[in-house]
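J.: What follows is the file input-v3.txt, containing compact mmCIF, C-alpha atoms and all ligand atoms:
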# COMPACT_ATOMS: atom_id res chain seq x y z
CA MET A 191 -35.64 -107.64 65.02
CA THR A 192 -34.70 -104.46 66.91
CA ARG A 193 -36.01 -104.21 70.44
CA ILE A 194 -35.82 -100.94 72.38
CA PHE A 195 -33.57 -100.37 75.39
CA GLU A 196 -36.20 -100.72 78.14
CA SER A 197 -34.68 -97.92 80.24
CA ASP A 198 -35.39 -95.43 77.41
CA LEU A 199 -39.11 -95.66 78.18
CA GLU A 200 -38.54 -94.11 81.61
CA LEU A 201 -37.45 -90.81 80.06
CA GLY A 202 -39.60 -87.85 79.09
CA LEU A 203 -40.45 -87.43 75.42
CA GLY A 204 -38.00 -84.60 74.74
CA THR A 205 -35.19 -86.62 76.35
CA ARG A 206 -36.20 -89.76 74.47
CA ALA A 207 -36.14 -87.84 71.22
CA VAL A 208 -32.51 -86.89 71.79
CA HIS A 209 -31.18 -90.06 73.39
CA ALA A 210 -33.44 -93.09 73.00
CA GLY A 211 -31.99 -96.01 71.11
CA GLN A 212 -28.51 -94.55 70.99
CA ARG A 213 -25.43 -95.25 73.03
CA PRO A 214 -21.91 -93.92 72.35
CA ASP A 215 -20.26 -96.00 69.63
CA ASP A 216 -18.31 -98.84 71.26
CA PRO A 217 -14.94 -98.68 69.48
CA THR A 218 -14.60 -94.87 69.45
CA GLY A 219 -17.03 -93.31 71.90
CA ALA A 220 -18.50 -91.20 69.06
CA ILE A 221 -21.54 -89.50 70.59
CA MET A 222 -23.48 -89.55 67.32
CA THR A 223 -24.47 -92.88 65.84
CA PRO A 224 -22.14 -93.50 62.88
CA ILE A 225 -23.47 -94.08 59.38
CA TYR A 226 -22.64 -97.75 58.92
CA GLN A 227 -22.38 -97.56 55.15
CA THR A 228 -21.93 -101.25 54.54
CA SER A 229 -23.86 -104.02 52.86
CA THR A 230 -22.28 -106.91 54.75
CA TYR A 231 -20.30 -107.84 57.87
CA VAL A 232 -17.24 -110.06 58.25
CA GLN A 233 -18.04 -113.25 60.15
CA LEU A 234 -15.74 -114.49 62.91
CA ALA A 235 -16.11 -118.09 61.80
CA LEU A 236 -18.71 -120.10 59.95
CA GLY A 237 -22.01 -119.38 61.70
CA ARG A 238 -20.35 -116.98 64.21
CA HIS A 239 -21.02 -113.26 63.84
CA LYS A 240 -21.78 -110.16 65.91
CA GLY A 241 -25.52 -110.13 65.25
CA PHE A 242 -25.15 -108.51 61.84
CA GLU A 243 -24.96 -110.66 58.71
CA TYR A 244 -26.37 -108.65 55.82
CA ALA A 245 -27.59 -105.04 55.77
CA ARG A 246 -31.08 -105.70 54.38
CA THR A 247 -31.71 -107.68 57.56
CA ARG A 248 -29.97 -105.38 60.05
CA ASN A 249 -27.81 -102.29 60.08
CA PRO A 250 -26.61 -100.55 63.27
CA THR A 251 -27.64 -97.06 62.09
CA ARG A 252 -31.09 -98.40 61.25
CA ASP A 253 -31.24 -100.24 64.58
CA ALA A 254 -30.65 -96.97 66.43
CA LEU A 255 -33.40 -95.21 64.45
CA GLU A 256 -35.81 -98.09 64.99
CA ARG A 257 -35.20 -98.09 68.75
CA ASN A 258 -35.57 -94.32 68.86
CA LEU A 259 -38.90 -94.34 66.99
CA ALA A 260 -40.24 -97.22 69.09
CA ALA A 261 -39.36 -95.36 72.29
CA LEU A 262 -41.04 -92.18 71.01
CA GLU A 263 -44.29 -94.02 70.29
CA GLY A 264 -44.15 -95.99 73.55
CA GLY A 265 -43.76 -99.27 71.66
CA THR A 266 -41.26 -102.05 72.07
CA HIS A 267 -40.24 -102.63 68.45
CA GLY A 268 -39.62 -100.27 65.56
CA PHE A 269 -39.13 -100.99 61.88
CA ALA A 270 -37.77 -98.50 59.40
CA PHE A 271 -38.84 -98.61 55.76
CA ALA A 272 -37.81 -96.93 52.54
CA SER A 273 -40.97 -94.77 52.52
CA GLY A 274 -44.21 -94.24 54.40
CA LEU A 275 -46.02 -96.27 51.76
CA ALA A 276 -43.53 -99.11 52.15
CA ALA A 277 -44.41 -99.07 55.87
CA THR A 278 -48.15 -99.24 55.09
CA ASP A 279 -47.42 -101.99 52.53
CA ALA A 280 -45.73 -104.08 55.25
CA VAL A 281 -48.65 -103.58 57.64
CA LEU A 282 -51.16 -104.71 55.00
CA LYS A 283 -48.98 -107.77 54.39
CA LEU A 284 -49.81 -108.87 57.93
CA LEU A 285 -53.10 -109.95 56.32
CA ARG A 286 -54.06 -112.76 53.93
CA ALA A 287 -56.18 -112.96 50.79
CA GLY A 288 -59.86 -112.89 51.81
CA ASP A 289 -59.30 -110.61 54.79
CA HIS A 290 -61.33 -107.42 55.02
CA VAL A 291 -60.01 -104.01 56.09
CA ILE A 292 -62.08 -101.07 57.31
CA CYS A 293 -60.26 -97.89 56.36
CA GLY A 294 -61.00 -94.24 56.95
CA GLU A 295 -62.41 -92.71 53.76
CA ASN A 296 -60.13 -89.72 54.07
CA VAL A 297 -56.63 -91.18 54.16
CA TYR A 298 -53.57 -90.07 52.20
CA GLY A 299 -54.26 -90.61 48.48
CA GLY A 300 -51.32 -92.98 48.10
CA THR A 301 -52.64 -95.16 50.91
CA HIS A 302 -56.01 -95.36 49.15
CA ARG A 303 -54.23 -96.21 45.87
CA LEU A 304 -52.12 -98.92 47.52
CA MET A 305 -55.25 -100.51 48.96
CA THR A 306 -57.52 -100.27 45.93
CA GLN A 307 -55.02 -100.78 43.12
CA VAL A 308 -52.52 -103.20 44.65
CA PHE A 309 -53.90 -105.12 47.63
CA ALA A 310 -57.44 -105.39 46.25
CA GLN A 311 -55.93 -107.29 43.31
CA LEU A 312 -54.22 -109.64 45.72
CA GLY A 313 -57.47 -110.58 47.44
CA LEU A 314 -57.88 -108.16 50.35
CA THR A 315 -61.20 -106.34 50.48
CA PHE A 316 -61.71 -102.82 51.77
CA SER A 317 -64.57 -100.71 53.09
CA PHE A 318 -63.91 -96.98 53.22
CA VAL A 319 -66.03 -95.43 55.93
CA ASP A 320 -66.34 -92.16 57.80
CA THR A 321 -64.33 -93.12 60.88
CA ARG A 322 -65.35 -89.92 62.70
CA ASP A 323 -68.31 -92.01 63.80
CA PRO A 324 -67.27 -95.24 65.59
CA GLY A 325 -70.81 -96.52 64.83
CA GLU A 326 -69.98 -96.46 61.10
CA ILE A 327 -66.93 -98.62 61.79
CA ALA A 328 -68.96 -101.08 63.86
CA LYS A 329 -71.56 -101.30 61.06
CA ALA A 330 -68.87 -102.15 58.49
CA VAL A 331 -67.45 -105.12 60.44
CA THR A 332 -67.99 -108.47 58.70
CA PRO A 333 -66.86 -111.97 59.68
CA ALA A 334 -63.85 -111.42 57.37
CA THR A 335 -62.75 -108.13 58.96
CA ARG A 336 -59.23 -108.27 60.37
CA MET A 337 -58.02 -104.67 60.50
CA ILE A 338 -59.17 -101.12 61.10
CA PHE A 339 -56.86 -98.59 59.45
CA VAL A 340 -57.15 -94.93 60.37
CA GLU A 341 -55.34 -91.70 59.86
CA THR A 342 -56.06 -89.06 62.49
CA PRO A 343 -56.03 -86.14 61.95
CA SER A 344 -56.74 -87.05 58.35
CA ASN A 345 -55.08 -85.62 55.29
CA PRO A 346 -56.27 -83.02 54.22
CA MET A 347 -59.74 -82.67 55.83
CA MET A 348 -58.38 -82.74 59.39
CA ARG A 349 -61.04 -85.19 60.54
CA LEU A 350 -60.42 -87.07 63.74
CA THR A 351 -61.08 -90.63 64.75
CA ASP A 352 -61.68 -91.45 68.41
CA LEU A 353 -58.80 -93.86 68.96
CA ALA A 354 -59.96 -95.05 72.38
CA ALA A 355 -63.40 -95.90 70.94
CA VAL A 356 -61.82 -97.74 67.99
CA GLY A 357 -59.49 -99.58 70.38
CA ALA A 358 -62.45 -100.75 72.47
CA LEU A 359 -64.41 -101.82 69.40
CA ALA A 360 -61.43 -103.75 68.04
CA GLN A 361 -60.73 -105.45 71.34
CA ASP A 362 -64.25 -106.87 71.49
CA ARG A 363 -63.83 -108.31 68.00
CA THR A 364 -60.08 -109.10 68.12
CA LEU A 365 -59.29 -106.84 65.18
CA LEU A 366 -55.94 -105.17 64.52
CA VAL A 367 -55.88 -101.39 64.71
CA ALA A 368 -53.32 -99.59 62.54
CA VAL A 369 -52.96 -95.83 62.93
CA ASP A 370 -51.07 -93.50 60.61
CA ASN A 371 -49.67 -90.97 63.10
CA THR A 372 -47.77 -88.90 60.54
CA PHE A 373 -49.70 -85.66 61.12
CA ALA A 374 -49.80 -85.58 64.93
CA THR A 375 -46.46 -87.30 65.65
CA PRO A 376 -45.83 -88.95 69.03
CA VAL A 377 -45.27 -85.48 70.47
CA PHE A 378 -49.02 -84.82 70.29
CA GLN A 379 -50.65 -88.25 70.07
CA ARG A 380 -49.74 -91.83 71.16
CA PRO A 381 -52.05 -94.30 69.46
CA LEU A 382 -50.52 -97.38 71.13
CA ALA A 383 -51.55 -96.03 74.53
CA LEU A 384 -55.12 -95.63 73.23
CA GLY A 385 -55.56 -99.17 71.97
CA ALA A 386 -53.83 -99.28 68.57
CA HIS A 387 -51.59 -102.25 67.75
CA VAL A 388 -49.38 -100.72 65.08
CA VAL A 389 -48.44 -97.12 64.38
CA ILE A 390 -47.31 -96.06 60.92
CA HIS A 391 -45.27 -93.01 59.94
CA SER A 392 -44.07 -91.36 56.85
CA THR A 393 -40.77 -90.30 58.44
CA THR A 394 -40.35 -88.15 55.36
CA LYS A 395 -42.55 -85.64 57.19
CA TYR A 396 -42.28 -84.30 60.77
CA LEU A 397 -40.07 -87.03 62.21
CA ASN A 398 -37.22 -86.20 59.86
CA GLY A 399 -38.50 -82.65 59.54
CA HIS A 400 -35.99 -81.27 57.04
CA SER A 401 -37.37 -82.43 53.67
CA ASP A 402 -34.13 -84.17 52.79
CA MET A 403 -35.07 -87.86 52.75
CA VAL A 404 -37.98 -90.24 52.13
CA GLY A 405 -38.70 -92.90 54.74
CA GLY A 406 -41.30 -94.74 56.74
CA ALA A 407 -41.70 -96.59 60.01
CA VAL A 408 -43.90 -99.05 61.86
CA VAL A 409 -43.95 -99.35 65.64
CA THR A 410 -45.70 -101.98 67.72
CA HIS A 411 -45.79 -103.22 71.30
CA ARG A 412 -46.85 -106.75 70.37
CA ASP A 413 -44.11 -109.35 70.09
CA ASP A 414 -46.10 -111.54 67.68
CA LEU A 415 -46.66 -108.64 65.27
CA ALA A 416 -43.03 -107.56 65.65
CA GLU A 417 -41.83 -111.00 64.68
CA ARG A 418 -43.92 -111.00 61.52
CA LEU A 419 -43.00 -107.40 60.66
CA ALA A 420 -39.30 -108.22 61.02
CA PHE A 421 -39.83 -111.15 58.68
CA LEU A 422 -41.69 -108.98 56.15
CA GLN A 423 -39.15 -106.17 56.36
CA ASN A 424 -36.38 -108.60 55.47
CA ALA A 425 -38.38 -110.78 53.09
CA ALA A 426 -39.76 -107.93 50.97
CA GLY A 427 -36.69 -105.75 51.53
CA ALA A 428 -38.10 -102.19 51.33
CA VAL A 429 -35.47 -100.93 53.77
CA PRO A 430 -33.93 -97.46 53.98
CA GLY A 431 -30.22 -96.89 53.48
CA PRO A 432 -28.03 -96.00 56.46
CA PHE A 433 -27.59 -92.37 55.45
CA ASP A 434 -31.36 -91.80 55.33
CA CYS A 435 -31.68 -93.52 58.73
CA TRP A 436 -29.01 -91.21 60.10
CA LEU A 437 -30.82 -88.15 58.71
CA ALA A 438 -34.08 -89.27 60.31
CA LEU A 439 -32.29 -89.94 63.59
CA ARG A 440 -30.80 -86.48 63.52
CA GLY A 441 -34.27 -85.12 62.75
CA THR A 442 -36.00 -86.76 65.70
CA LYS A 443 -33.55 -85.11 68.13
CA THR A 444 -35.32 -81.79 67.59
CA LEU A 445 -38.82 -83.21 67.12
CA SER A 446 -40.26 -81.89 70.40
CA LEU A 447 -38.84 -78.45 69.82
CA ARG A 448 -39.99 -78.26 66.21
CA MET A 449 -43.48 -79.52 66.97
CA ARG A 450 -43.96 -76.80 69.57
CA GLN A 451 -43.18 -74.16 66.96
CA HIS A 452 -45.31 -75.82 64.24
CA ASP A 453 -48.15 -75.91 66.77
CA SER A 454 -47.78 -72.32 67.90
CA ASN A 455 -47.58 -71.03 64.30
CA GLY A 456 -50.43 -73.33 63.25
CA ARG A 457 -52.80 -72.12 65.97
CA CYS A 458 -51.98 -68.50 65.27
CA LEU A 459 -52.50 -68.74 61.50
CA ALA A 460 -55.63 -70.90 61.77
CA GLU A 461 -57.31 -68.33 64.00
CA TRP A 462 -56.29 -65.47 61.76
CA LEU A 463 -57.40 -67.28 58.58
CA GLN A 464 -60.75 -68.05 60.17
CA SER A 465 -61.54 -64.37 60.42
CA HIS A 466 -60.22 -63.54 56.94
CA ALA A 467 -62.93 -62.45 54.49
CA ALA A 468 -61.37 -64.37 51.56
CA VAL A 469 -61.44 -67.71 53.38
CA GLN A 470 -64.74 -69.59 53.43
CA ARG A 471 -63.73 -72.28 55.87
CA VAL A 472 -60.69 -73.35 57.88
CA TYR A 473 -60.05 -76.97 58.83
CA TYR A 474 -57.83 -77.19 61.93
CA PRO A 475 -58.53 -79.39 64.98
CA GLY A 476 -57.33 -76.68 67.37
CA LEU A 477 -60.13 -74.27 66.45
CA ALA A 478 -62.95 -74.23 68.99
CA ASP A 479 -65.52 -74.55 66.19
CA HIS A 480 -63.90 -77.65 64.67
CA PRO A 481 -66.73 -80.23 65.03
CA GLN A 482 -64.40 -82.56 66.92
CA TYR A 483 -62.60 -79.97 69.04
CA GLN A 484 -63.46 -81.76 72.31
CA LEU A 485 -62.04 -85.02 71.00
CA ALA A 486 -58.96 -83.18 69.75
CA CYS A 487 -58.36 -81.79 73.25
CA ARG A 488 -58.85 -85.23 74.79
CA GLN A 489 -56.77 -87.24 72.37
CA MET A 490 -54.04 -84.81 71.34
CA SER A 491 -51.75 -82.62 73.39
CA GLY A 492 -51.18 -80.20 70.50
CA PHE A 493 -52.63 -79.60 67.05
CA GLY A 494 -49.58 -79.07 64.87
CA GLY A 495 -49.01 -77.14 61.70
CA MET A 496 -51.37 -78.67 59.14
CA ILE A 497 -54.24 -76.40 58.07
CA SER A 498 -56.64 -76.71 55.14
CA LEU A 499 -58.71 -73.82 53.83
CA GLU A 500 -61.60 -73.56 51.46
CA LEU A 501 -61.39 -70.70 49.00
CA GLY A 502 -64.52 -71.50 47.03
CA SER A 503 -63.09 -72.04 43.56
CA ALA A 504 -60.26 -73.76 41.74
CA ALA A 505 -59.25 -70.42 40.20
CA ARG A 506 -58.75 -68.78 43.59
CA ALA A 507 -56.88 -71.81 44.90
CA ARG A 508 -54.57 -71.69 41.89
CA VAL A 509 -53.77 -67.99 42.35
CA LEU A 510 -53.11 -68.49 46.06
CA VAL A 511 -50.72 -71.42 45.66
CA GLU A 512 -48.89 -69.63 42.85
CA SER A 513 -48.63 -66.30 44.71
CA THR A 514 -47.04 -67.18 48.04
CA ARG A 515 -43.37 -66.30 48.42
CA ILE A 516 -42.40 -68.07 51.64
CA PHE A 517 -44.89 -70.96 51.43
CA ALA A 518 -43.40 -73.04 48.60
CA LEU A 519 -45.74 -74.85 46.22
CA ALA A 520 -44.73 -78.48 46.70
CA GLU A 521 -45.93 -81.96 47.61
CA SER A 522 -45.16 -83.23 51.13
CA LEU A 523 -45.38 -81.63 54.55
CA GLY A 524 -43.82 -81.54 57.98
CA GLY A 525 -40.51 -79.84 57.14
CA VAL A 526 -39.14 -76.78 58.88
CA GLU A 527 -40.09 -74.74 55.81
CA SER A 528 -43.69 -73.83 55.03
CA LEU A 529 -45.33 -75.49 52.05
CA VAL A 530 -48.62 -74.96 50.24
CA GLY A 531 -50.43 -77.52 48.14
CA HIS A 532 -53.62 -78.21 46.22
CA PRO A 533 -54.80 -81.67 47.40
CA ALA A 534 -57.32 -82.26 44.59
CA SER A 535 -54.62 -82.10 41.92
CA MET A 536 -51.59 -83.11 43.97
CA THR A 537 -51.62 -85.46 47.01
CA HIS A 538 -55.17 -86.73 46.42
CA ALA A 539 -55.34 -86.77 42.62
CA SER A 540 -55.50 -90.59 42.75
CA VAL A 541 -58.72 -90.51 44.82
CA PRO A 542 -61.84 -90.64 42.59
CA ARG A 543 -63.46 -87.19 42.19
CA ALA A 544 -66.84 -88.32 43.55
CA MET A 545 -65.20 -89.62 46.72
CA ARG A 546 -63.16 -86.41 47.06
CA GLU A 547 -66.21 -84.21 46.70
CA GLU A 548 -68.29 -86.23 49.11
CA MET A 549 -65.77 -85.58 51.87
CA GLY A 550 -65.42 -81.87 51.07
CA LEU A 551 -62.10 -82.17 49.29
CA THR A 552 -63.04 -79.64 46.63
CA ASP A 553 -61.03 -78.00 43.88
CA GLY A 554 -61.06 -74.84 46.01
CA LEU A 555 -59.29 -76.50 48.95
CA VAL A 556 -55.71 -75.48 49.74
CA ARG A 557 -53.49 -77.23 52.28
CA LEU A 558 -50.80 -75.49 54.30
CA SER A 559 -47.91 -77.17 56.04
CA VAL A 560 -46.94 -74.41 58.41
CA GLY A 561 -43.20 -74.40 59.09
CA ILE A 562 -41.19 -72.95 61.95
CA GLU A 563 -40.45 -69.54 60.43
CA ASP A 564 -41.50 -66.28 62.15
CA VAL A 565 -45.27 -66.29 62.18
CA GLU A 566 -45.54 -62.60 61.24
CA ASP A 567 -43.70 -63.33 57.98
CA LEU A 568 -45.96 -66.28 57.24
CA ARG A 569 -49.09 -64.23 57.91
CA ALA A 570 -47.87 -61.40 55.67
CA ASP A 571 -47.11 -63.91 52.92
CA LEU A 572 -50.60 -65.41 53.08
CA GLU A 573 -52.17 -61.96 53.31
CA GLN A 574 -50.63 -60.78 50.04
CA ALA A 575 -51.43 -64.08 48.29
CA LEU A 576 -55.06 -64.04 49.51
CA ALA A 577 -55.41 -60.48 48.25
CA LYS A 578 -54.32 -61.64 44.78
CA ALA A 579 -56.59 -64.69 44.91
CA THR A 580 -59.68 -62.57 45.55
CA LYS A 581 -58.89 -59.65 43.25
C1 LIG B 601 -50.43 -89.16 56.23
C2 LIG B 601 -49.48 -89.78 55.26
N1 LIG B 601 -49.21 -91.09 55.36
C3 LIG B 601 -48.36 -91.71 54.50
C4 LIG B 601 -47.75 -91.02 53.48
C5 LIG B 601 -46.84 -91.75 52.54
O1 LIG B 601 -45.51 -91.49 52.89
P1 LIG B 601 -44.30 -91.49 51.85
O2 LIG B 601 -44.50 -90.35 50.91
O3 LIG B 601 -43.09 -91.33 52.74
O4 LIG B 601 -44.32 -92.80 51.16
C6 LIG B 601 -48.00 -89.66 53.34
C7 LIG B 601 -47.36 -88.90 52.25
O5 LIG B 601 -47.66 -87.77 51.99
C8 LIG B 601 -48.89 -89.03 54.25
O6 LIG B 601 -49.18 -87.71 54.15
Kindly return the structure encoded in the file as structure tokens.
Ligand SMILES: Cc1ncc(COP(=O)(O)O)c(C=O)c1O

T.:
Amino acid sequence: MTRIFESDLELGLGTRAVHAGQRPDDPTGAIMTPIYQTSTYVQLALGRHKGFEYARTRNPTRDALERNLAALEGGTHGFAFASGLAATDAVLKLLRAGDHVICGENVYGGTHRLMTQVFAQLGLTFSFVDTRDPGEIAKAVTPATRMIFVETPSNPMMRLTDLAAVGALAQDRTLLVAVDNTFATPVFQRPLALGAHVVIHSTTKYLNGHSDMVGGAVVTHRDDLAERLAFLQNAAGAVPGPFDCWLALRGTKTLSLRMRQHDSNGRCLAEWLQSHAAVQRVYYPGLADHPQYQLACRQMSGFGGMISLELGSAARARVLVESTRIFALAESLGGVESLVGHPASMTHASVPRAMREEMGLTDGLVRLSVGIEDVEDLRADLEQALAKATK
């Protein structure tokens, strides 16, 4: 189990991003954490070792990443996984058959699939509710409820959940609160400080930020949960390799800087798109007419680079996503480069159509992951693609 260096929590977020969890390498003084590309460690004598026995259980490069992520989220323990879904999988394994989970109805499609097509078969039960309204969550609680799982802002409808309200509700009923913080990142939102017990990330996205690895993470500030998560991480074994940990660790060093640029570009494009005749609706929490704008300002310190837009038809959406030149048509998000996607047929294809439509995830919806390029170039790219889409 990797615990943070306590002194890292005294630093500001930008400083933590660069330094937390890392100390110069003992034997050499190397300033960057080495990639410990090893599966095992030589023991000094039978039963005597340096804390590392086998690399599924612990690896020094992974340790550094785990401490860094924990410090960023304000937690005490971090756990790195082979993907964001492997991280969610470990969190759901904190539960037992018969337990009930209340989950936001608009979570990443793969999260919904993991719950309904894997864990439901193993005896967990799920209620998918509109977590924008804490009253809906309270109504869904049953004697078997053990966990509230939310993603805020949600993918791709950019709906928010009031984390402080959920934290208070869970405290009264001793429920676990798990928050997928992939979209906001700890730069803009700290769920643990608002009452969550575990934070989940797809490190594939903003934390790594360069679209060159797949990974996940769980952070907690509860020792009992950390102990069980460490057990699950080792027992189930969905761990990332040292090179991917090193890439993620390099990525987090620039997280603060990148998020500022994603946020600035995101705000600028969202406002411009809102006034564009070809766009019927823009979903972005930083727009003053977003229905939860006040909550966004209270709960988040920035709004990031994820924007969804409604074009009104699948045909228009198709032309747009196939016409951009800088925005690349691809799954995923959160990299330095801008991406465009069609949630109904890509990230959320595994969500039943009726459920998609009920939440406004139409065939005319397009999702942008706004990168850190020059915003004028991004606007010009969207402008020419929108012109084609509405011709
Ligand atoms: C919000 C969110 N959570 C979790 C995941 C799953 O992460 P991964 O693809 O790293 O397994 C994704 C993937 O797109 C996501 O967008």

J.: Could you work out how far CA of Tyr396 in chain A lies from CA of Asp453 in chain A, giving the answer in Å with one decimal?

T.: 11.9 Å

J.: As a VMD selection string, please: every protein or nucleic acid residue near ligand LIG 601 (chain B) (cut-off 10 Å, counting all atoms listed in the file).

T.: chain A and resid 271 to 279 296 to 301 340 to 346 369 to 374 390 to 395 403 to 407 521 to 524 537 to 538

J.: Ala539 in chain A: which residues within 12 Å, counting all atoms listed in the file, same-chain residues fewer than 2 positions away excluded, as a count of residues only?

T.: 23

J.: Between A:Asp564, A:Glu500, A:Glu512, A:Glu527, which has the minimum distance to Cys458 in chain A (counting only C-alpha atoms)?

T.: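 Using only C-alpha atoms, the shortest distance to Cys458 in chain A belongs to A:Asp564.
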
J.: Between A:Glu200, A:Glu256, A:Asp216, A:Asp567, which is the closest to Thr410 in chain A once you count all atoms listed in the file?

T.: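 Comparing A:Glu200, A:Glu256, A:Asp216, A:Asp567 against Thr410 in chain A, the winner is A:Glu256.
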
J.: Between A:Met347, A:Leu437, A:Ala468, A:Leu284, which has the minimum distance to Met496 in chain A (counting all atoms listed in the file)?

T.: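 Smallest separation from Met496 in chain A among the options: A:Met347.
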
J.: Which one is closest to Thr442 in chain A: A:Gln470, A:Thr205, A:Ser513, A:Leu419? Count all atoms listed in the file.

T.: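 Nearest candidate to Thr442 in chain A out of A:Gln470, A:Thr205, A:Ser513, A:Leu419: A:Thr205.
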
J.: Give me the residues within 9 Å of Arg322 in chain A as a list in words, counting only C-alpha atoms and dropping any in the same chain fewer than 4 places off.

T.: Gly294, Glu326, Ile327, Arg349, Leu350, Thr351, Asp352 and Gln482 of chain A

J.: I'd like the neighbourhood of Gly325 in chain A as a PyMOL selection string, where a residue qualifies if any of its atoms comes within 12 Å (using all atoms listed in the file), though same-chain residues fewer than 2 positions away should be ignored.

T.: chain A and resi 319-323+327-331+351-352+355-356+359

J.: Phe517 in chain A: which residues within 12 Å, counting all atoms listed in the file, same-chain residues fewer than 3 positions away excluded, as a ChimeraX atom specification?

T.: /A:510-514,520-521,523,525-531,556-563,565,567-575

J.: Check the smallest atom-to-atom distance from each of A:Asn398, A:Gln361, A:Gln484, A:Ser498 to Ala386 in chain A using all atoms listed in the file, then report the winner.

T.: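 Of the candidates, the smallest distance to Ala386 in chain A is held by A:Gln361.
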
J.: Please report the interatomic distance between CA of Ile292 in chain A and CA of Leu382 in chain A in Å with one decimal.

T.: 18.4 Å

J.: Between A:Ala207, A:Leu422, A:Leu576, A:Leu555, which has the minimum distance to Val472 in chain A (counting only C-alpha atoms)?

T.: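 Smallest separation from Val472 in chain A among the options: A:Leu555.
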
J.: Using CA of Glu548 in chain A and CA of His290 in chain A as the two end points, give the distance in Å to one decimal.

T.: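 Those two atoms sit 23.1 Å apart.
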
J.: Which polymer residues, protein or nucleic acid, are no farther than 12 Å from (-61.6, -65.7, 38.0), counting all atoms listed in the file, as an MDAnalysis selection string?

T.: chainID A and resid 502:509 578:581

J.: Using only C-alpha atoms, which residues sit within 8 Å of Arg252 in chain A once same-chain residues fewer than 6 positions away are excluded, as a PyMOL selection string?

T.: chain A and resi 270+430-432+435-436
